[in-house]
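Enquirer: Compact mmCIF, C-alpha atoms, file model-v4.txt:
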```
# COMPACT_ATOMS: atom_id res chain seq x y z
CA MET A 126 -51.43 -27.37 17.94
CA LYS A 127 -51.07 -29.69 14.95
CA GLU A 128 -48.93 -32.72 14.16
CA LEU A 129 -49.28 -34.07 10.64
CA TYR A 130 -47.78 -37.05 8.81
CA THR A 131 -48.64 -37.48 5.16
CA ASP A 132 -47.24 -38.92 1.93
CA LEU A 133 -45.45 -41.73 3.81
CA ASN A 134 -46.83 -44.71 1.83
CA ILE A 135 -47.54 -46.65 5.05
CA ARG A 136 -48.97 -50.03 4.07
CA PHE A 137 -50.28 -52.84 6.21
CA SER A 138 -52.77 -55.67 5.86
CA VAL A 139 -55.72 -57.14 7.74
CA ASP A 140 -57.12 -60.53 6.72
CA GLN A 141 -54.82 -60.40 3.66
CA ARG A 142 -56.33 -57.12 2.42
CA SER A 143 -53.98 -54.18 1.99
CA PHE A 144 -54.52 -50.78 3.59
CA CYS A 145 -52.64 -47.58 2.88
CA ALA A 146 -52.48 -44.84 5.53
CA LEU A 147 -52.63 -41.60 3.57
CA ASN A 148 -52.90 -39.08 6.38
CA ILE A 149 -52.21 -39.27 10.14
CA ILE A 150 -52.90 -36.12 12.14
CA TYR A 151 -53.30 -34.84 15.68
CA GLU A 152 -54.93 -31.43 16.04
CA ARG A 153 -56.60 -29.15 18.56
CA PHE A 154 -59.50 -27.67 16.66
CA LEU A 155 -59.85 -23.90 16.82
CA ARG A 156 -61.82 -23.86 13.57
CA THR A 157 -64.86 -25.53 12.08
CA VAL A 158 -64.28 -28.32 9.58
CA PRO A 159 -66.85 -27.89 6.78
CA SER A 160 -68.99 -30.77 5.61
CA HIS A 161 -67.13 -33.15 3.32
CA SER A 162 -66.97 -36.82 2.36
CA HIS A 163 -64.42 -39.29 1.06
CA GLY A 164 -64.40 -41.54 -1.95
CA LYS A 165 -64.73 -45.24 -2.49
CA ASN A 166 -62.77 -47.50 -0.08
CA SER A 167 -61.70 -44.51 2.08
CA TYR A 168 -62.20 -44.43 5.85
CA GLU A 169 -61.34 -41.93 8.57
CA ILE A 170 -60.91 -43.04 12.17
CA HIS A 171 -61.50 -40.10 14.53
CA TYR A 172 -60.60 -40.33 18.23
CA ILE A 173 -61.14 -37.42 20.65
CA PRO A 174 -58.97 -37.73 23.80
CA SER A 175 -60.06 -34.38 25.27
CA GLY A 176 -62.28 -31.37 24.69
CA PHE A 177 -65.78 -30.94 23.36
CA GLY A 178 -67.70 -30.08 20.22
CA HIS A 179 -70.19 -31.63 17.90
CA ALA A 180 -70.24 -33.41 14.57
CA ARG A 181 -72.87 -33.26 11.85
CA ILE A 182 -72.91 -36.60 10.07
CA ASN A 183 -75.34 -37.32 7.27
CA GLN A 184 -77.50 -34.42 8.54
CA ALA A 185 -77.66 -35.79 12.13
CA LEU A 186 -76.02 -33.95 15.05
CA TYR A 187 -73.74 -35.79 17.51
CA ASP A 188 -72.16 -34.42 20.70
CA ILE A 189 -68.41 -34.93 20.92
CA VAL A 190 -66.95 -35.51 24.40
CA PRO A 191 -63.67 -37.00 25.64
CA ASN A 192 -63.15 -40.63 24.57
CA THR A 193 -65.44 -40.31 21.55
CA LEU A 194 -64.56 -42.59 18.67
CA TYR A 195 -66.22 -42.31 15.32
CA VAL A 196 -65.59 -43.65 11.83
CA THR A 197 -66.62 -42.11 8.54
CA GLY A 198 -66.39 -44.36 5.51
CA PRO A 199 -67.04 -43.87 1.79
CA HIS A 200 -69.45 -41.04 0.87
CA VAL A 201 -70.39 -40.25 4.49
CA GLU A 202 -70.94 -36.48 4.81
CA HIS A 203 -69.41 -35.12 8.01
CA ALA A 204 -68.48 -31.77 9.58
CA GLN A 205 -66.99 -30.82 12.96
CA VAL A 206 -67.52 -27.79 15.17
CA PRO A 207 -65.36 -27.35 18.30
CA ALA A 208 -66.79 -25.94 21.54
CA PRO A 209 -65.34 -22.41 21.99
CA GLU A 210 -64.73 -22.79 25.75
CA ASP A 211 -62.96 -26.18 25.51
CA PRO A 212 -62.22 -27.12 21.90
CA MET A 213 -61.71 -30.77 21.16
CA CYS A 214 -58.40 -32.40 20.34
CA GLU A 215 -58.52 -35.16 17.76
CA TYR A 216 -56.44 -37.98 16.40
CA CYS A 217 -57.44 -38.76 12.82
CA VAL A 218 -56.15 -41.58 10.61
CA TYR A 219 -57.20 -41.57 6.95
CA LEU A 220 -57.06 -45.02 5.37
CA ASN A 221 -57.60 -46.35 1.89
CA LEU A 222 -58.64 -49.99 1.62
CA GLU A 223 -57.23 -51.43 -1.56
CA ARG A 224 -59.43 -53.33 -4.02
CA ASP A 225 -60.27 -56.91 -3.07
CA ARG A 226 -59.00 -59.26 -5.77
CA SER A 227 -60.48 -62.36 -4.11
CA ARG A 228 -64.19 -61.52 -4.45
CA ALA A 229 -64.53 -64.42 -6.87
CA ASN A 230 -64.47 -66.72 -3.84
CA PRO A 231 -67.96 -66.36 -2.28
CA SER A 232 -67.16 -68.51 0.77
CA ARG A 233 -64.60 -65.95 1.92
CA ALA A 234 -67.08 -63.08 1.65
CA GLU A 235 -69.63 -64.97 3.76
CA GLN A 236 -67.26 -65.39 6.70
CA PRO A 237 -67.57 -62.79 9.47
CA SER A 238 -64.20 -61.15 10.09
CA ILE A 239 -62.57 -57.99 11.37
CA LEU A 240 -61.97 -56.90 7.79
CA ARG A 241 -65.56 -57.42 6.68
CA LEU A 242 -66.89 -55.70 9.80
CA PHE A 243 -64.63 -52.69 9.23
CA GLU A 244 -65.25 -52.50 5.48
CA GLU A 245 -69.02 -52.73 5.69
CA THR A 246 -69.44 -50.26 8.57
CA HIS A 247 -69.41 -46.94 6.77
CA PHE A 248 -70.38 -45.01 9.88
CA TRP A 249 -70.08 -45.63 13.61
CA PHE A 250 -70.18 -43.19 16.54
CA GLY A 251 -69.77 -43.93 20.25
CA GLN A 252 -67.51 -44.15 23.28
CA ASP A 253 -64.33 -46.16 22.75
CA SER A 254 -64.22 -49.35 24.82
CA GLN A 255 -60.96 -50.75 23.44
CA ASN A 256 -58.28 -48.30 24.66
CA VAL A 257 -57.69 -46.83 21.20
CA SER A 258 -55.96 -43.84 22.83
CA ARG A 259 -52.98 -46.03 23.74
CA ILE A 260 -52.53 -47.08 20.11
CA MET A 261 -52.87 -43.51 18.83
CA ASP A 262 -50.31 -42.22 21.34
CA GLN A 263 -47.83 -44.92 20.33
CA ILE A 264 -48.30 -44.28 16.59
CA PHE A 265 -47.38 -40.62 17.06
CA PHE A 266 -44.49 -41.50 19.37
CA GLU A 267 -43.03 -43.79 16.69
CA LEU A 268 -43.54 -41.33 13.83
CA ARG A 269 -42.14 -38.44 15.85
CA ASN A 270 -38.95 -40.18 17.04
CA GLN A 271 -38.26 -42.60 14.19
CA TYR A 272 -36.20 -44.97 16.32
CA ILE A 273 -34.90 -48.14 14.69
CA GLY A 274 -37.80 -50.42 13.78
CA TYR A 275 -40.37 -47.60 13.78
CA VAL A 276 -41.64 -48.57 10.30
CA GLN A 277 -42.55 -52.07 11.49
CA GLN A 278 -44.02 -50.65 14.70
CA VAL A 279 -46.29 -48.19 12.88
CA GLU A 280 -47.51 -50.90 10.49
CA ALA A 281 -48.29 -53.19 13.42
CA LEU A 282 -49.99 -50.39 15.40
CA LEU A 283 -52.21 -49.43 12.45
CA THR A 284 -53.25 -53.08 12.13
CA GLN A 285 -54.19 -53.03 15.81
CA LEU A 286 -56.07 -49.76 15.32
CA VAL A 287 -58.30 -51.32 12.65
CA VAL A 288 -58.92 -54.38 14.82
CA LEU A 289 -59.77 -52.37 17.94
CA THR A 290 -61.97 -49.99 15.98
CA ALA A 291 -63.99 -52.89 14.57
CA ARG A 292 -64.20 -54.45 18.02
CA ASN A 293 -66.01 -51.32 19.16
CA TYR A 294 -68.73 -52.13 16.62
CA GLU A 295 -69.32 -55.66 17.87
CA GLU A 296 -67.95 -55.80 21.40
CA ARG A 297 -67.23 -59.32 22.67
CA GLN A 298 -68.12 -61.02 19.40
CA LYS A 299 -66.25 -64.30 19.22
CA ALA A 300 -63.84 -64.96 16.36
CA VAL A 301 -64.63 -67.69 13.84
CA THR A 302 -61.08 -68.07 12.56
CA HIS A 303 -58.28 -69.26 14.82
CA PHE A 304 -54.60 -70.13 14.76
CA HIS A 305 -53.82 -73.43 13.08
CA PRO A 306 -52.19 -76.12 15.21
CA SER A 307 -48.42 -76.12 15.08
CA ASN A 308 -46.89 -78.44 12.51
CA PRO A 309 -45.13 -81.58 13.83
CA ASP A 310 -41.63 -80.19 13.21
CA ASN A 311 -42.27 -77.10 15.36
CA SER A 312 -44.01 -79.14 18.04
CA LYS A 313 -41.05 -81.45 18.53
CA TRP A 314 -38.69 -78.52 19.23
CA ILE A 315 -41.02 -77.27 21.98
CA LEU A 316 -41.33 -80.80 23.34
CA LEU A 317 -37.53 -81.07 23.51
CA GLU A 318 -37.18 -77.72 25.30
CA GLU A 319 -39.85 -78.54 27.87
CA TYR A 320 -38.59 -82.06 28.46
CA PHE A 321 -35.12 -80.93 29.54
CA LEU A 322 -36.45 -77.85 31.36
CA TYR A 323 -39.14 -79.48 33.50
CA GLU A 324 -38.40 -83.19 33.70
CA TYR A 325 -34.75 -83.11 34.82
CA GLN A 326 -35.52 -85.58 37.63
CA ASN A 327 -36.20 -88.56 35.37
CA LEU A 328 -34.54 -87.89 32.03
CA SER A 329 -34.39 -90.96 29.79
CA LEU A 330 -33.40 -91.24 26.14
CA LYS A 331 -35.97 -94.04 25.65
CA ALA A 332 -38.77 -91.97 27.23
CA LEU A 333 -37.88 -88.95 25.12
CA ALA A 334 -37.70 -91.03 21.94
CA ASP A 335 -41.12 -92.56 22.67
CA ARG A 336 -42.61 -89.13 23.22
CA LEU A 337 -41.22 -87.91 19.91
CA GLY A 338 -42.33 -91.05 18.11
CA LEU A 339 -38.74 -91.78 17.09
CA GLY A 340 -36.13 -94.41 17.76
CA CYS A 341 -33.27 -93.78 20.20
CA ARG A 342 -30.72 -93.36 17.39
CA GLN A 343 -33.01 -90.94 15.55
CA THR A 344 -33.47 -88.95 18.75
CA GLU A 345 -29.71 -88.76 19.29
CA ARG A 346 -29.28 -87.48 15.72
CA LEU A 347 -32.04 -84.92 16.28
CA LEU A 348 -30.35 -83.60 19.43
CA LYS A 349 -27.00 -83.39 17.68
CA GLU A 350 -28.58 -81.54 14.75
CA HIS A 351 -30.59 -79.08 16.88
CA TYR A 352 -28.27 -78.49 19.85
CA GLY A 353 -24.94 -79.86 18.71
CA LYS A 354 -24.96 -82.04 21.86
CA THR A 355 -25.66 -85.63 22.84
CA PHE A 356 -28.52 -86.74 25.05
CA LEU A 357 -26.09 -87.32 27.93
CA GLN A 358 -24.71 -83.78 27.58
CA LYS A 359 -28.22 -82.27 27.56
CA LYS A 360 -29.21 -84.42 30.53
CA THR A 361 -26.18 -83.27 32.53
CA GLU A 362 -26.80 -79.62 31.64
CA ALA A 363 -30.44 -79.86 32.73
CA ARG A 364 -29.56 -81.49 36.04
CA MET A 365 -26.73 -79.07 36.78
CA ALA A 366 -28.87 -76.01 35.99
CA ALA A 367 -31.49 -77.31 38.43
CA ALA A 368 -28.80 -78.10 41.01
CA ALA A 369 -27.54 -74.50 40.95
CA ILE A 370 -31.06 -73.27 41.77
CA LEU A 371 -31.69 -75.86 44.49
CA LEU A 372 -28.36 -75.16 46.21
CA ALA A 373 -29.45 -71.56 46.80
CA ASP A 374 -31.89 -72.92 49.39
CA GLN A 375 -29.68 -73.26 52.47
CA SER A 376 -32.25 -75.47 54.18
CA ARG A 377 -31.76 -78.22 51.59
CA SER A 378 -29.13 -80.88 52.23
CA ILE A 379 -26.80 -82.04 49.47
CA SER A 380 -28.26 -85.55 49.81
CA SER A 381 -31.86 -84.35 49.31
CA ILE A 382 -30.84 -82.37 46.23
CA ALA A 383 -28.99 -85.37 44.79
CA GLU A 384 -32.10 -87.51 45.34
CA GLU A 385 -34.41 -84.95 43.71
CA LEU A 386 -32.14 -84.77 40.67
CA GLY A 387 -32.24 -88.53 40.21
CA TYR A 388 -28.68 -89.38 41.34
CA SER A 389 -28.17 -92.70 43.09
CA SER A 390 -26.09 -91.10 45.84
CA ALA A 391 -24.78 -87.78 47.10
CA GLU A 392 -21.30 -88.89 46.07
CA HIS A 393 -22.34 -89.41 42.43
CA PHE A 394 -24.05 -86.03 42.43
CA SER A 395 -21.03 -84.28 43.98
CA ALA A 396 -18.65 -85.82 41.44
CA ALA A 397 -20.89 -84.77 38.52
CA PHE A 398 -21.28 -81.28 39.96
CA LYS A 399 -17.52 -80.81 40.33
CA ARG A 400 -16.88 -81.97 36.76
CA HIS A 401 -19.44 -79.49 35.46
CA TYR A 402 -18.71 -76.41 37.61
CA ASN A 403 -15.07 -77.12 38.56
CA MET A 404 -15.95 -76.81 42.25
CA THR A 405 -17.83 -78.89 44.77
CA ALA A 406 -21.50 -78.29 45.57
CA ARG A 407 -20.56 -77.01 49.03
CA GLU A 408 -17.99 -74.58 47.56
CA TYR A 409 -20.58 -73.36 45.08
CA ARG A 410 -23.13 -72.84 47.87
CA ARG A 411 -20.61 -70.90 50.02
CA LYS A 412 -19.61 -68.73 47.06
CA LYS A 413 -23.23 -67.88 46.22
CA ASP A 414 -24.02 -67.16 49.85
CA HIS A 415 -21.01 -64.80 50.08
CA ILE A 416 -22.08 -62.92 46.93
CA GLN A 417 -25.63 -62.46 48.23
CA LYS A 418 -24.37 -61.02 51.50
```
Show me this structure written as structure tokens.
Expert:
Amino acid sequence: MKELYTDLNIRFSVDQRSFCALNIIYERFLRTVPSHSHGKNSYEIHYIPSGFGHARINQALYDIVPNTLYVTGPHVEHAQVPAPEDPMCEYCVYLNLERDRSRANPSRAEQPSILRLFEETHFWFGQDSQNVSRIMDQIFFELRNQYIGYVQQVEALLTQLVVLTARNYEERQKAVTHFHPSNPDNSKWILLEEYFLYEYQNLSLKALADRLGLGCRQTERLLKEHYGKTFLQKKTEARMAAAAILLADQSRSISSIAEELGYSSAEHFSAAFKRHYNMTAREYRRKKDHIQK
């Protein structure tokens, strides 16, 4: 059994370095693979989901069992011999790491990273601890079926494969690079969303403006620009969306719901609800109850 994908020009990047996947193969080995090595910047990721055998790597012998993961980088001599009674199956991804054009910056080279760990580990052999099999299965599923978006999926999966492979080398090592804080423009959109979603009880244009660090007029313009609605419209929408949820609880009175939503009376709430939904709160509750039954 053999499934081979080659000459696809699959490119992806890790830490801003480009990789090219030259060969992706799944095979049940019924033959010995003679000793061979690969050239500069070339790496093979081998994962054995089932079966047995052994590998001779740089003159040392290693037993291959299910869930074995091993990597052979530049100039590493390796051969494989399957066990006759239960020959191994193997996923193998052959990668070429393109030349680093940023070596002139020594501070970058000094930083520990997934890329540096992967690039500098020319040989590793052990039991996979990162669920690489799931990634391998999905890569072949995408390449086999070629559903819409499969190109982006394969690129993303190969990126994950490199990351998880390197994590096997240094399990639980903490990262030294992290996501940057969101810029102020992005933060204010999240703040707006959460304000109307979670604080519907006490919505106030002044309070929202203060939180955004803007004036009330600026906040109104921002809402009009982002939602195409005024503060009052957004406030009503938020309250009415919450009201629809609260009315589903038959144990809650209309008065208690009106109070929770910040209305001065049940009458004010009922009038606002009817304007918004074109039916009274009680009619809405009866209709929902009928549908559920």
Enquirer: If I take atom CA of A:Lys313 and atom CA of A:Ala383, how far is one from the other in Å, to one decimal?
Expert: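 Distance between the two atoms: 29.2 Å.
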Enquirer: Which neighbours of A:Ile170 fall inside 6 Å, counting only C-alpha atoms, when residues of the same chain fewer than 3 positions from it are skipped, and could you give them as an MDAnalysis selection string?
Expert: chainID A and resid 196 217:218
Enquirer: Mind pulling up the distance from atom CA of A:Leu242 to atom CA of A:Ala185?
Expert: 22.8 Å
Enquirer: Atom CA of A:Tyr388 and atom CA of A:Leu337 are how many Å apart?
Expert: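 Between atom CA of A:Tyr388 and atom CA of A:Leu337 the gap is 24.9 Å.
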Enquirer: Taking all atoms listed in the file into account, which of A:Glu215, A:Glu169, A:Asp310, A:Glu324 comes nearest A:Glu385?
Expert: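 Looking only at the distances to A:Glu385, the closest residue turns out to be A:Glu324.
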Enquirer: I need every residue sitting at most 8 Å from the point (-57.8, -27.0, 16.0) (coordinates as in the file, only C-alpha atoms considered), written as a ChimeraX atom specification.
Expert: /A:126-127,152-156,207,212-214
Enquirer: Output C-alpha atoms for every residue in the selection just made, as an mmCIF file, in the coordinates of the input.
Expert:
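selection.cif was written with the following content:
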```cif
data_model
loop_
_atom_site.group_PDB
_atom_site.id
_atom_site.type_symbol
_atom_site.label_atom_id
_atom_site.label_comp_id
_atom_site.auth_asym_id
_atom_site.auth_seq_id
_atom_site.Cartn_x
_atom_site.Cartn_y
_atom_site.Cartn_z
ATOM 1 C CA MET A 126 -51.430 -27.370 17.940
ATOM 2 C CA LYS A 127 -51.070 -29.690 14.950
ATOM 3 C CA GLU A 152 -54.930 -31.430 16.040
ATOM 4 C CA ARG A 153 -56.600 -29.150 18.560
ATOM 5 C CA PHE A 154 -59.500 -27.670 16.660
ATOM 6 C CA LEU A 155 -59.850 -23.900 16.820
ATOM 7 C CA ARG A 156 -61.820 -23.860 13.570
ATOM 8 C CA PRO A 207 -65.360 -27.350 18.300
ATOM 9 C CA PRO A 212 -62.220 -27.120 21.900
ATOM 10 C CA MET A 213 -61.710 -30.770 21.160
ATOM 11 C CA CYS A 214 -58.400 -32.400 20.340
#
```
Enquirer: Could you give me, as a list in words, the residues within 12 Å of A:Arg136, counting only C-alpha atoms and dropping anything in the same chain fewer than 3 positions from it?
Expert: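 Surrounding residues, per the criterion: Asp132, Leu133, Val139, Gln141, Arg142, Ser143, Phe144, Cys145, Ala146, Leu147, Asn148, Leu220, Asn221, Leu222, Glu223, Val276, Gln277, Gln278, Val279, Glu280, Ala281, Leu282, Leu283 and Thr284 of chain A.
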Enquirer: Using only the atoms of stretch 329-343 of chain A listed in the file, plus 5 Å on each side, state the axis-aligned box centre and edge lengths in Å rounded to one decimal, as lines of an AutoDock Vina configuration file.
Expert:
```
center_x = -36.7
center_y = -91.2
center_z = 22.7
size_x = 21.9
size_y = 16.5
size_z = 24.2
```
Enquirer: The residues within 7 Å of (-26.5, -86.4, 48.1), using all atoms listed in the file and the coordinates of the file, should be reported as a compact mmCIF listing (two decimals) with C-alpha atoms, in the frame of the given file; which are they?
Expert:
```txt
# COMPACT_ATOMS: atom_id res chain seq x y z
CA ILE A 379 -26.80 -82.04 49.47
CA SER A 380 -28.26 -85.55 49.81
CA SER A 381 -31.86 -84.35 49.31
CA ILE A 382 -30.84 -82.37 46.23
CA ALA A 383 -28.99 -85.37 44.79
CA GLU A 384 -32.10 -87.51 45.34
CA SER A 390 -26.09 -91.10 45.84
CA ALA A 391 -24.78 -87.78 47.10
CA GLU A 392 -21.30 -88.89 46.07
CA PHE A 394 -24.05 -86.03 42.43
```
Enquirer: Can you tell me which residues surround A:Gln184 at a distance of at most 10 Å, considering all atoms listed in the file, apart from same-chain residues fewer than 6 positions away, and format the answer as a list in words?
Expert: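 So the residues in contact are Ser160, Glu202, His203 and Ala204 of chain A.
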Enquirer: Would you kindly return, as an MDAnalysis selection string, each protein, DNA or RNA residue with an atom no farther than 9 Å from any atom of A:Met365, considering all atoms listed in the file and excluding same-chain residues fewer than 6 positions away?
Expert: chainID A and resid 386 397:398 401:402
Enquirer: Nearest residue to A:Asn183 out of A:Val158, A:Ala406, A:Ala373, A:Val201, using all atoms listed in the file?
Expert: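 The closest residue to A:Asn183 is A:Val201.
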Enquirer: Compile the contact shell of A:Leu330 as a CSV table (one decimal) with C-alpha atoms, in the coordinates of the input: residues with an atom at most 9 Å away, counting all atoms listed in the file, same-chain residues fewer than 3 positions apart removed.
Expert:
```
chain,number,residue,atom,x,y,z
A,333,LEU,CA,-37.9,-89.0,25.1
A,334,ALA,CA,-37.7,-91.0,21.9
A,335,ASP,CA,-41.1,-92.6,22.7
A,341,CYS,CA,-33.3,-93.8,20.2
A,344,THR,CA,-33.5,-89.0,18.8
A,345,GLU,CA,-29.7,-88.8,19.3
A,356,PHE,CA,-28.5,-86.7,25.0
A,357,LEU,CA,-26.1,-87.3,27.9
```
Enquirer: Using all atoms listed in the file for the distances, tell me which of A:Phe243, A:Arg364, A:Tyr294, A:Ile273 is nearest to A:Tyr320.
Expert: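 Distance minimum relative to A:Tyr320 lands on A:Arg364.
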Enquirer: Could you tell me which of A:Trp314, A:Tyr272, A:Phe265, A:Phe250 comes closest to A:Leu186 if we count only C-alpha atoms?
Expert: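 Looking at the shortest contact to A:Leu186, the residue is A:Phe250.
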Enquirer: So, counting all atoms listed in the file, which residue among A:Ser175, A:Phe321, A:Arg181, A:Glu245 is closest to A:Asp211?
Expert: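 That would be A:Ser175, the residue with the smallest distance to A:Asp211.
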